[in-house]
Amino acid sequence: MATIFYEHDANPEALKGKTIAILGYGSQGHAQAQNLRDSGCKVIVGLEPTRPSAQQARADGMVVVAPDEAAKRADWIHMLTPDETQAAVYEKYVQPYLHPGKILGFSHGFSIHFKTIVPPNDVDVVMIAPKSPGHLLRRVYSEGRGVPSLIAISQDASKRAHEFALAYAHGIGSTRAGVLQTTFREETESDLFGEQAVLCGGLTSLIKKGFETLVEAGYAPEIAYFECLHEMKLIVDLIYEGGLGRMRHSISNTAEYGDLTRGEKVVGDATRIAMKKTLADIQDGTFAREWIRENAQGGYNFAELREREQQHPIEIVGAQLRGMMSWLPGREGKKPAEAPKGEAGTQAKKVAVNA
């Protein structure tokens with residue numbers, strides 16, 4: 001069982017007088033920077049001044065300086081740029097100013113675990129990884145609550161790295177909910193596996209295969225979309241709120257029986273074997289080397305894969321159907337999008353049959 005830390009375990013005074021530089025102002029950057037500031041920490045944001053994110057940070061009341069200036073001024077440098085750019089950002093802006101006694105922080109262990117970044121031995125290297133998107137981290141903090149985080153120590157040069165990391169977790173609000181002890185290796189490998197095998201890769205493939213199966217069998221693409229994608233949120237919300245048991249309690253007996261008797265036939269032992277291979281590729285660095293090589297070569301395969309997915313029929317029919325849903329974010333007050341009669345479904349059916 002993981003060790004869990006709460007408010008009474010943290011010493012916020014450990015960060016008193018320290019300047020924390022947040023490099024990056026995306027999903028996690030904006031939330032962590034603002035939460036830390038509102039907790040009384042001295043925070044600066046390291047961004048190129050012409051970037052739109054720099055303008056947003058200033059609008060949010062943050063102090064924004066160039067990345068190298070932020071690293072120079074800071075006692076704590078927290079890397080919140082994408083995995084694929086972190087090594088370059090570190091080498092160009094951080095490494096020259098990473099002097100003894102400083103703290104290098106992360107919210108994902110990829111760069112340290114796979115050694116795209118190798119810090120000097122005389123600095124603390126820590127991770128505080130919130131288990132939520134940044135917008136939720138910020139919103140929940142503003143409501144006086146917190147989201148759980150993971151905490152890990154890679155280097156403890158000061159012999160106070162855990163104390164500092166827990167104080168940071170306190171600053172973003174996570175000790176209100178609970179902070180779980182882990183390692184860079186465990187966080188990185190489990191996170192990548194979850195994304196690839198279940199949360200993103202596994203889920204999107206399952207949705208598409210279900211959609212394609214129904215359409216190829218002659219069912220309307222619109223009906224297939226609702227059954228295989230739209231209603232997914234309803235089920236996931238129930239699971240999120242109370243586990244698989246709550247979901248099964250809330251659905252019909254027919255649905256539950258189908259779940260218990262057919263689910264393993266669709267996602268069964270063959271899937272488990274594929275999952276084990278996916279995990280092995282993560283553990284031995286195969287995926288990391290592939291991802292690093294993909295970016296070093298310009299990301300052309302990644303771009304092609306993205307483009308192909310955007311043309312999938314489930315996206316075509318989905319765009320039309322979501323236009324009917326005025327309650328979705330960004331659609332308040334808008335009229336349903338219109339397409340020529342029958343066009344969305346016909347086009348989606350053609351693509352699905354030819355996929």
# chains A, B, ... in the order shown; residues from 1 in each chain; ligands from 1

call {"tool": "residues_around", "arguments": {"residues": "range 226-234 of chain A", "least_positions_apart": "2", "cutoff": "8 Å", "atoms": "only C-alpha atoms", "output": "PyMOL selection string"}}
result
chain A and resi 207-208+210-211+222-224+236-238

call {"tool": "residues_around", "arguments": {"residues": "range 175-191 of chain A", "least_positions_apart": "4", "cutoff": "10 Å", "atoms": "only C-alpha atoms", "output": "CSV table (one decimal) with N, CA, C and O atoms, in the first residue's frame"}}
result
chain,number,residue,atom,x,y,z
A,1,MET,N,0.8,-1.2,0.0
A,1,MET,CA,0.0,0.0,0.0
A,1,MET,C,0.9,1.3,0.0
A,1,MET,O,1.9,1.3,0.7
A,2,ALA,N,0.5,2.2,-0.8
A,2,ALA,CA,1.3,3.5,-0.8
A,2,ALA,C,1.1,4.3,0.5
A,2,ALA,O,0.1,4.3,1.1
A,3,THR,N,2.2,5.0,0.8
A,3,THR,CA,2.1,5.9,2.0
A,3,THR,C,1.5,7.2,1.5
A,3,THR,O,1.7,7.7,0.4
A,4,ILE,N,0.5,7.7,2.3
A,4,ILE,CA,-0.2,8.9,1.9
A,4,ILE,C,0.0,10.0,2.9
A,4,ILE,O,0.0,9.8,4.1
A,5,PHE,N,0.3,11.2,2.4
A,5,PHE,CA,0.6,12.4,3.3
A,5,PHE,C,-0.6,13.4,3.1
A,5,PHE,O,-1.2,13.5,2.1
A,6,TYR,N,-0.8,14.1,4.3
A,6,TYR,CA,-1.9,15.1,4.3
A,6,TYR,C,-1.4,16.4,4.8
A,6,TYR,O,-0.2,16.6,5.0
A,7,GLU,N,-2.3,17.3,5.1
A,7,GLU,CA,-2.0,18.7,5.5
A,7,GLU,C,-1.0,18.7,6.7
A,7,GLU,O,0.0,19.5,6.7
A,8,HIS,N,-1.3,17.9,7.7
A,8,HIS,CA,-0.5,17.9,8.9
A,8,HIS,C,0.9,17.4,8.7
A,8,HIS,O,1.8,17.6,9.6
A,9,ASP,N,1.2,16.7,7.6
A,9,ASP,CA,2.5,16.2,7.3
A,9,ASP,C,3.4,17.2,6.6
A,9,ASP,O,4.6,17.0,6.6
A,10,ALA,N,2.8,18.3,6.1
A,10,ALA,CA,3.6,19.2,5.3
A,10,ALA,C,4.0,20.4,6.1
A,10,ALA,O,3.4,20.8,7.1
A,106,PHE,N,9.6,18.3,-11.3
A,106,PHE,CA,8.9,17.8,-12.5
A,106,PHE,C,7.4,17.4,-12.0
A,106,PHE,O,7.2,17.2,-10.8
A,107,SER,N,6.5,17.2,-13.0
A,107,SER,CA,5.2,16.7,-12.7
A,107,SER,C,5.0,15.4,-13.5
A,107,SER,O,3.8,14.9,-13.6
A,108,HIS,N,6.0,14.9,-14.2
A,108,HIS,CA,6.0,13.6,-14.9
A,108,HIS,C,7.4,13.2,-14.9
A,108,HIS,O,8.3,14.0,-15.1
A,109,GLY,N,7.6,11.9,-14.8
A,109,GLY,CA,9.0,11.4,-14.6
A,109,GLY,C,9.7,11.0,-15.9
A,109,GLY,O,10.9,10.6,-15.8
A,110,PHE,N,9.1,11.2,-17.1
A,110,PHE,CA,9.7,10.8,-18.3
A,110,PHE,C,11.2,11.2,-18.5
A,110,PHE,O,12.0,10.3,-18.8
A,111,SER,N,11.5,12.5,-18.4
A,111,SER,CA,12.8,13.0,-18.7
A,111,SER,C,13.9,12.4,-17.8
A,111,SER,O,15.0,12.2,-18.2
A,112,ILE,N,13.5,12.3,-16.5
A,112,ILE,CA,14.5,11.8,-15.6
A,112,ILE,C,14.6,10.2,-15.7
A,112,ILE,O,15.7,9.7,-15.8
A,113,HIS,N,13.5,9.6,-15.8
A,113,HIS,CA,13.6,8.1,-15.8
A,113,HIS,C,14.3,7.6,-17.1
A,113,HIS,O,15.1,6.6,-17.0
A,114,PHE,N,14.0,8.2,-18.2
A,114,PHE,CA,14.6,7.8,-19.5
A,114,PHE,C,15.9,8.6,-19.8
A,114,PHE,O,16.4,8.4,-20.9
A,126,VAL,N,13.0,16.3,-7.7
A,126,VAL,CA,11.7,15.9,-7.1
A,126,VAL,C,10.6,15.9,-8.1
A,126,VAL,O,10.7,16.5,-9.2
A,127,MET,N,9.5,15.2,-7.8
A,127,MET,CA,8.3,15.2,-8.6
A,127,MET,C,7.1,15.3,-7.8
A,127,MET,O,6.9,14.7,-6.7
A,128,ILE,N,6.2,16.2,-8.2
A,128,ILE,CA,4.9,16.3,-7.6
A,128,ILE,C,3.9,16.3,-8.8
A,128,ILE,O,3.9,17.2,-9.7
A,129,ALA,N,3.2,15.2,-8.9
A,129,ALA,CA,2.3,15.0,-10.1
A,129,ALA,C,0.9,14.9,-9.8
A,129,ALA,O,0.4,13.9,-9.2
A,130,PRO,N,0.1,16.0,-10.0
A,130,PRO,CA,-1.3,16.0,-9.7
A,130,PRO,C,-2.0,15.0,-10.6
A,130,PRO,O,-1.7,14.8,-11.8
A,131,LYS,N,-3.0,14.3,-10.0
A,131,LYS,CA,-3.7,13.3,-10.8
A,131,LYS,C,-5.0,13.9,-11.3
A,131,LYS,O,-6.1,13.4,-11.1
A,141,TYR,N,-8.9,23.8,-6.2
A,141,TYR,CA,-8.2,24.6,-5.2
A,141,TYR,C,-9.0,25.9,-4.9
A,141,TYR,O,-9.1,26.2,-3.7
A,144,GLY,N,-11.5,25.6,-2.3
A,144,GLY,CA,-11.1,25.3,-1.0
A,144,GLY,C,-10.8,23.8,-0.8
A,144,GLY,O,-10.6,23.4,0.3
A,145,ARG,N,-10.7,23.0,-1.9
A,145,ARG,CA,-10.4,21.6,-1.8
A,145,ARG,C,-9.1,21.3,-2.6
A,145,ARG,O,-8.4,22.2,-3.0
A,146,GLY,N,-8.9,20.1,-2.8
A,146,GLY,CA,-7.6,19.7,-3.6
A,146,GLY,C,-7.8,18.4,-4.3
A,146,GLY,O,-8.7,17.7,-4.1
A,147,VAL,N,-6.9,18.2,-5.3
A,147,VAL,CA,-6.9,16.9,-6.0
A,147,VAL,C,-5.6,16.1,-5.5
A,147,VAL,O,-4.6,16.7,-5.1
A,148,PRO,N,-5.7,14.8,-5.5
A,148,PRO,CA,-4.5,14.0,-5.1
A,148,PRO,C,-3.3,14.2,-6.0
A,148,PRO,O,-3.5,14.6,-7.2
A,149,SER,N,-2.2,14.1,-5.5
A,149,SER,CA,-0.9,14.1,-6.2
A,149,SER,C,0.0,12.9,-5.9
A,149,SER,O,-0.2,12.3,-4.8
A,150,LEU,N,0.9,12.6,-6.7
A,150,LEU,CA,2.0,11.7,-6.4
A,150,LEU,C,3.2,12.5,-6.1
A,150,LEU,O,3.4,13.6,-6.6
A,151,ILE,N,4.1,11.9,-5.2
A,151,ILE,CA,5.3,12.6,-4.9
A,151,ILE,C,6.5,11.6,-5.0
A,151,ILE,O,6.3,10.4,-4.6
A,152,ALA,N,7.6,12.0,-5.5
A,152,ALA,CA,8.7,11.1,-5.6
A,152,ALA,C,10.0,11.9,-5.5
A,152,ALA,O,10.1,13.1,-5.9
A,153,ILE,N,11.1,11.3,-5.1
A,153,ILE,CA,12.4,11.9,-4.9
A,153,ILE,C,13.4,11.1,-5.7
A,153,ILE,O,13.5,9.9,-5.5
A,154,SER,N,14.1,11.8,-6.7
A,154,SER,CA,15.1,11.1,-7.4
A,154,SER,C,16.5,11.4,-6.8
A,154,SER,O,17.3,10.5,-6.8
A,162,HIS,N,12.3,15.7,0.4
A,162,HIS,CA,11.0,15.2,0.7
A,162,HIS,C,10.2,16.4,1.3
A,162,HIS,O,9.0,16.6,1.0
A,166,LEU,N,6.9,18.0,-0.4
A,166,LEU,CA,5.6,18.0,0.3
A,166,LEU,C,5.1,19.4,0.5
A,166,LEU,O,3.8,19.7,0.4
A,167,ALA,N,6.0,20.4,0.7
A,167,ALA,CA,5.6,21.8,0.9
A,167,ALA,C,5.0,22.3,-0.5
A,167,ALA,O,4.0,23.0,-0.5
A,168,TYR,N,5.6,21.9,-1.6
A,168,TYR,CA,5.1,22.2,-2.9
A,168,TYR,C,3.7,21.6,-3.1
A,168,TYR,O,2.8,22.3,-3.6
A,169,ALA,N,3.6,20.4,-2.8
A,169,ALA,CA,2.3,19.7,-2.9
A,169,ALA,C,1.2,20.4,-2.1
A,169,ALA,O,0.0,20.6,-2.5
A,170,HIS,N,1.6,20.9,-0.9
A,170,HIS,CA,0.7,21.7,0.0
A,170,HIS,C,0.3,23.0,-0.8
A,170,HIS,O,-0.8,23.4,-0.7
A,171,GLY,N,1.3,23.6,-1.4
A,171,GLY,CA,1.1,24.9,-2.1
A,171,GLY,C,0.1,24.8,-3.3
A,171,GLY,O,-0.6,25.7,-3.5
A,195,GLU,N,-2.1,5.4,-20.3
A,195,GLU,CA,-2.5,6.2,-21.5
A,195,GLU,C,-2.6,5.3,-22.7
A,195,GLU,O,-3.5,5.4,-23.5
A,196,GLN,N,-1.6,4.4,-22.9
A,196,GLN,CA,-1.6,3.6,-24.1
A,196,GLN,C,-2.5,2.5,-24.2
A,196,GLN,O,-3.2,2.2,-25.2
A,199,LEU,N,-6.6,4.3,-21.1
A,199,LEU,CA,-7.3,5.6,-21.0
A,199,LEU,C,-7.4,6.2,-22.4
A,199,LEU,O,-8.4,6.9,-22.7
A,279,LEU,N,3.4,-2.9,-22.1
A,279,LEU,CA,4.1,-2.6,-20.9
A,279,LEU,C,5.6,-2.9,-21.0
A,279,LEU,O,6.5,-2.1,-20.5
A,280,ALA,N,5.9,-4.0,-21.6
A,280,ALA,CA,7.3,-4.4,-21.8
A,280,ALA,C,8.1,-3.4,-22.6
A,280,ALA,O,9.2,-3.0,-22.3
A,281,ASP,N,7.4,-2.9,-23.7
A,281,ASP,CA,8.0,-1.8,-24.5
A,281,ASP,C,8.3,-0.5,-23.7
A,281,ASP,O,9.2,0.2,-24.0
A,282,ILE,N,7.4,-0.2,-22.8
A,282,ILE,CA,7.6,0.9,-21.9
A,282,ILE,C,8.8,0.7,-21.0
A,282,ILE,O,9.7,1.5,-20.8
A,283,GLN,N,8.8,-0.5,-20.3
A,283,GLN,CA,9.8,-0.8,-19.3
A,283,GLN,C,11.2,-0.8,-19.9
A,283,GLN,O,12.1,-0.4,-19.2
A,284,ASP,N,11.4,-1.4,-21.1
A,284,ASP,CA,12.7,-1.5,-21.6
A,284,ASP,C,13.2,-0.3,-22.4
A,284,ASP,O,14.3,-0.3,-23.0
A,285,GLY,N,12.3,0.7,-22.5
A,285,GLY,CA,12.7,2.0,-23.2
A,285,GLY,C,12.4,2.0,-24.6
A,285,GLY,O,12.7,3.0,-25.3

call {"tool": "residues_around", "arguments": {"residues": "Ala74 in chain A", "least_positions_apart": "6", "cutoff": "12 Å", "atoms": "only C-alpha atoms", "output": "PyMOL selection string"}}
result
chain A and resi 15+17-23+42-46+65+67-68+94+97-99+101-105

call {"tool": "select_by_dssp", "arguments": {"residues": "range 220-345 of chain A", "states": "helix (DSSP H, G or I)", "output": "ChimeraX atom specification"}}
result
/A:221-230,232-250,253-266,269-283,286-296,300-310,313-322,343-345

call {"tool": "atom_distance", "arguments": {"atom1": "CA of Gly29 in chain A", "atom2": "CA of Leu80 in chain A"}}
result
5.9 Å

call {"tool": "select_by_dssp", "arguments": {"residues": "range 44-267 of chain A", "states": "strand (DSSP E)", "output": "PDB file with N, CA and C atoms, in the first residue's frame"}}
result
ATOM      1  N   ILE A  44       7.503  32.892 -10.224  1.00  0.00           N
ATOM      2  CA  ILE A  44       7.703  33.547 -11.513  1.00  0.00           C
ATOM      3  C   ILE A  44       7.475  32.512 -12.606  1.00  0.00           C
ATOM      4  N   VAL A  45       7.079  32.970 -13.779  1.00  0.00           N
ATOM      5  CA  VAL A  45       6.808  32.078 -14.900  1.00  0.00           C
ATOM      6  C   VAL A  45       7.845  32.343 -15.983  1.00  0.00           C
ATOM      7  N   GLY A  46       8.514  31.293 -16.419  1.00  0.00           N
ATOM      8  CA  GLY A  46       9.533  31.422 -17.449  1.00  0.00           C
ATOM      9  C   GLY A  46       8.986  31.122 -18.827  1.00  0.00           C
ATOM     10  N   VAL A  63       4.066  37.056 -12.683  1.00  0.00           N
ATOM     11  CA  VAL A  63       5.311  37.707 -13.100  1.00  0.00           C
ATOM     12  C   VAL A  63       5.944  36.821 -14.165  1.00  0.00           C
ATOM     13  N   VAL A  64       6.146  37.366 -15.361  1.00  0.00           N
ATOM     14  CA  VAL A  64       6.674  36.590 -16.480  1.00  0.00           C
ATOM     15  C   VAL A  64       8.037  37.135 -16.887  1.00  0.00           C
ATOM     16  N   VAL A  65       9.023  36.238 -16.981  1.00  0.00           N
ATOM     17  CA  VAL A  65      10.362  36.601 -17.436  1.00  0.00           C
ATOM     18  C   VAL A  65      10.820  35.549 -18.436  1.00  0.00           C
ATOM     19  N   TRP A  76      13.882  27.123  -7.011  1.00  0.00           N
ATOM     20  CA  TRP A  76      13.190  25.901  -7.461  1.00  0.00           C
ATOM     21  C   TRP A  76      12.797  26.116  -8.912  1.00  0.00           C
ATOM     22  N   ILE A  77      13.247  25.227  -9.794  1.00  0.00           N
ATOM     23  CA  ILE A  77      12.902  25.291 -11.218  1.00  0.00           C
ATOM     24  C   ILE A  77      12.007  24.103 -11.525  1.00  0.00           C
ATOM     25  N   HIS A  78      10.761  24.390 -11.904  1.00  0.00           N
ATOM     26  CA  HIS A  78       9.794  23.308 -12.130  1.00  0.00           C
ATOM     27  C   HIS A  78       9.500  23.182 -13.617  1.00  0.00           C
ATOM     28  N   MET A  79       9.814  22.022 -14.184  1.00  0.00           N
ATOM     29  CA  MET A  79       9.711  21.790 -15.624  1.00  0.00           C
ATOM     30  C   MET A  79       8.306  21.329 -16.001  1.00  0.00           C
ATOM     31  N   ILE A 103      16.642  23.297  -6.527  1.00  0.00           N
ATOM     32  CA  ILE A 103      15.706  22.179  -6.634  1.00  0.00           C
ATOM     33  C   ILE A 103      15.185  22.129  -8.060  1.00  0.00           C
ATOM     34  N   LEU A 104      15.246  20.948  -8.661  1.00  0.00           N
ATOM     35  CA  LEU A 104      14.699  20.742  -9.997  1.00  0.00           C
ATOM     36  C   LEU A 104      13.451  19.886  -9.860  1.00  0.00           C
ATOM     37  N   GLY A 105      12.311  20.439 -10.279  1.00  0.00           N
ATOM     38  CA  GLY A 105      11.042  19.755 -10.086  1.00  0.00           C
ATOM     39  C   GLY A 105      10.379  19.352 -11.390  1.00  0.00           C
ATOM     40  N   PHE A 106       9.589  18.300 -11.309  1.00  0.00           N
ATOM     41  CA  PHE A 106       8.854  17.774 -12.458  1.00  0.00           C
ATOM     42  C   PHE A 106       7.448  17.377 -12.003  1.00  0.00           C
ATOM     43  N   ASP A 124      18.614  18.895  -5.606  1.00  0.00           N
ATOM     44  CA  ASP A 124      17.470  18.018  -5.339  1.00  0.00           C
ATOM     45  C   ASP A 124      16.679  17.837  -6.632  1.00  0.00           C
ATOM     46  N   VAL A 125      16.207  16.623  -6.866  1.00  0.00           N
ATOM     47  CA  VAL A 125      15.355  16.346  -8.027  1.00  0.00           C
ATOM     48  C   VAL A 125      14.096  15.669  -7.507  1.00  0.00           C
ATOM     49  N   VAL A 126      12.954  16.332  -7.681  1.00  0.00           N
ATOM     50  CA  VAL A 126      11.703  15.865  -7.084  1.00  0.00           C
ATOM     51  C   VAL A 126      10.583  15.877  -8.111  1.00  0.00           C
ATOM     52  N   MET A 127       9.518  15.169  -7.782  1.00  0.00           N
ATOM     53  CA  MET A 127       8.327  15.165  -8.633  1.00  0.00           C
ATOM     54  C   MET A 127       7.087  15.328  -7.779  1.00  0.00           C
ATOM     55  N   ILE A 128       6.210  16.217  -8.203  1.00  0.00           N
ATOM     56  CA  ILE A 128       4.867  16.341  -7.649  1.00  0.00           C
ATOM     57  C   ILE A 128       3.923  16.277  -8.841  1.00  0.00           C
ATOM     58  N   ALA A 129       3.166  15.200  -8.939  1.00  0.00           N
ATOM     59  CA  ALA A 129       2.344  14.952 -10.121  1.00  0.00           C
ATOM     60  C   ALA A 129       0.865  14.924  -9.755  1.00  0.00           C
ATOM     61  N   PRO A 130       0.135  16.020  -9.993  1.00  0.00           N
ATOM     62  CA  PRO A 130      -1.312  16.023  -9.726  1.00  0.00           C
ATOM     63  C   PRO A 130      -2.031  15.000 -10.596  1.00  0.00           C
ATOM     64  N   SER A 149      -2.165  14.057  -5.452  1.00  0.00           N
ATOM     65  CA  SER A 149      -0.930  14.098  -6.230  1.00  0.00           C
ATOM     66  C   SER A 149      -0.047  12.927  -5.857  1.00  0.00           C
ATOM     67  N   LEU A 150       0.907  12.643  -6.736  1.00  0.00           N
ATOM     68  CA  LEU A 150       1.974  11.693  -6.441  1.00  0.00           C
ATOM     69  C   LEU A 150       3.230  12.488  -6.101  1.00  0.00           C
ATOM     70  N   ILE A 151       4.073  11.933  -5.244  1.00  0.00           N
ATOM     71  CA  ILE A 151       5.318  12.592  -4.860  1.00  0.00           C
ATOM     72  C   ILE A 151       6.454  11.576  -4.971  1.00  0.00           C
ATOM     73  N   ALA A 152       7.588  12.020  -5.508  1.00  0.00           N
ATOM     74  CA  ALA A 152       8.739  11.132  -5.650  1.00  0.00           C
ATOM     75  C   ALA A 152      10.024  11.937  -5.541  1.00  0.00           C
ATOM     76  N   ILE A 153      11.073  11.289  -5.068  1.00  0.00           N
ATOM     77  CA  ILE A 153      12.383  11.923  -4.926  1.00  0.00           C
ATOM     78  C   ILE A 153      13.388  11.112  -5.734  1.00  0.00           C
ATOM     79  N   SER A 154      14.067  11.775  -6.658  1.00  0.00           N
ATOM     80  CA  SER A 154      15.118  11.121  -7.435  1.00  0.00           C
ATOM     81  C   SER A 154      16.489  11.400  -6.849  1.00  0.00           C
ATOM     82  N   GLN A 155      16.717  12.648  -6.392  1.00  0.00           N
ATOM     83  CA  GLN A 155      17.969  13.021  -5.733  1.00  0.00           C
ATOM     84  C   GLN A 155      17.665  13.862  -4.501  1.00  0.00           C
ATOM     85  N   VAL A 179      -1.469  12.922  -0.709  1.00  0.00           N
ATOM     86  CA  VAL A 179      -0.306  12.858  -1.601  1.00  0.00           C
ATOM     87  C   VAL A 179       0.334  11.483  -1.432  1.00  0.00           C
ATOM     88  N   LEU A 180       0.408  10.722  -2.497  1.00  0.00           N
ATOM     89  CA  LEU A 180       0.862   9.338  -2.449  1.00  0.00           C
ATOM     90  C   LEU A 180       2.345   9.233  -2.813  1.00  0.00           C
ATOM     91  N   GLN A 181       3.093   8.508  -1.999  1.00  0.00           N
ATOM     92  CA  GLN A 181       4.513   8.295  -2.249  1.00  0.00           C
ATOM     93  C   GLN A 181       4.692   7.306  -3.406  1.00  0.00           C
TER      94      GLN A 181
END

call {"tool": "decode", "arguments": {"residues": "range 27-35 of chain A", "atoms": "all heavy atoms", "output": "JSON list (two decimals), in the first residue's frame"}}
result
[["chain", "number", "residue", "atom", "x", "y", "z"],
["A", 27, "SER", "N", -1.62, 23.42, -19.48],
["A", 27, "SER", "CA", -2.63, 22.89, -18.57],
["A", 27, "SER", "C", -2.14, 22.87, -17.13],
["A", 27, "SER", "O", -2.79, 23.42, -16.24],
["A", 27, "SER", "CB", -3.02, 21.48, -19.01],
["A", 27, "SER", "OG", -3.90, 20.89, -18.05],
["A", 28, "GLN", "N", -1.00, 22.24, -16.89],
["A", 28, "GLN", "CA", -0.49, 22.17, -15.53],
["A", 28, "GLN", "C", 0.19, 23.47, -15.10],
["A", 28, "GLN", "O", 0.08, 23.89, -13.94],
["A", 28, "GLN", "CB", 0.50, 21.00, -15.39],
["A", 28, "GLN", "CG", -0.17, 19.64, -15.34],
["A", 28, "GLN", "CD", -1.02, 19.45, -14.10],
["A", 28, "GLN", "OE1", -0.75, 19.97, -13.03],
["A", 28, "GLN", "NE2", -2.09, 18.67, -14.25],
["A", 29, "GLY", "N", 0.90, 24.12, -16.01],
["A", 29, "GLY", "CA", 1.66, 25.31, -15.66],
["A", 29, "GLY", "C", 0.80, 26.42, -15.09],
["A", 29, "GLY", "O", 1.12, 27.01, -14.05],
["A", 30, "HIS", "N", -0.30, 26.71, -15.76],
["A", 30, "HIS", "CA", -1.14, 27.82, -15.30],
["A", 30, "HIS", "C", -1.75, 27.51, -13.94],
["A", 30, "HIS", "O", -1.85, 28.38, -13.08],
["A", 30, "HIS", "CB", -2.23, 28.14, -16.33],
["A", 30, "HIS", "CG", -3.50, 27.38, -16.15],
["A", 30, "HIS", "ND1", -3.68, 26.09, -16.64],
["A", 30, "HIS", "CD2", -4.66, 27.70, -15.51],
["A", 30, "HIS", "CE1", -4.89, 25.67, -16.34],
["A", 30, "HIS", "NE2", -5.51, 26.62, -15.65],
["A", 31, "ALA", "N", -2.15, 26.25, -13.74],
["A", 31, "ALA", "CA", -2.81, 25.88, -12.49],
["A", 31, "ALA", "C", -1.83, 25.86, -11.32],
["A", 31, "ALA", "O", -2.09, 26.42, -10.26],
["A", 31, "ALA", "CB", -3.47, 24.51, -12.65],
["A", 32, "GLN", "N", -0.69, 25.22, -11.52],
["A", 32, "GLN", "CA", 0.28, 25.13, -10.43],
["A", 32, "GLN", "C", 0.83, 26.50, -10.06],
["A", 32, "GLN", "O", 0.99, 26.82, -8.87],
["A", 32, "GLN", "CB", 1.41, 24.16, -10.79],
["A", 32, "GLN", "CG", 0.93, 22.72, -10.93],
["A", 32, "GLN", "CD", 2.07, 21.73, -11.06],
["A", 32, "GLN", "OE1", 3.16, 21.94, -10.54],
["A", 32, "GLN", "NE2", 1.83, 20.65, -11.78],
["A", 33, "ALA", "N", 1.11, 27.32, -11.06],
["A", 33, "ALA", "CA", 1.65, 28.66, -10.79],
["A", 33, "ALA", "C", 0.66, 29.49, -9.97],
["A", 33, "ALA", "O", 1.03, 30.13, -8.96],
["A", 33, "ALA", "CB", 1.98, 29.37, -12.09],
["A", 34, "GLN", "N", -0.60, 29.50, -10.36],
["A", 34, "GLN", "CA", -1.59, 30.31, -9.66],
["A", 34, "GLN", "C", -1.90, 29.75, -8.27],
["A", 34, "GLN", "O", -2.07, 30.51, -7.31],
["A", 34, "GLN", "CB", -2.87, 30.40, -10.50],
["A", 34, "GLN", "CG", -2.70, 31.20, -11.78],
["A", 34, "GLN", "CD", -4.00, 31.31, -12.56],
["A", 34, "GLN", "OE1", -4.98, 31.85, -12.08],
["A", 34, "GLN", "NE2", -4.00, 30.78, -13.78],
["A", 35, "ASN", "N", -1.96, 28.43, -8.14],
["A", 35, "ASN", "CA", -2.21, 27.84, -6.82],
["A", 35, "ASN", "C", -1.08, 28.17, -5.85],
["A", 35, "ASN", "O", -1.31, 28.52, -4.69],
["A", 35, "ASN", "CB", -2.39, 26.33, -6.93],
["A", 35, "ASN", "CG", -3.72, 25.94, -7.57],
["A", 35, "ASN", "OD1", -4.45, 26.80, -8.07],
["A", 35, "ASN", "ND2", -4.02, 24.66, -7.57]]
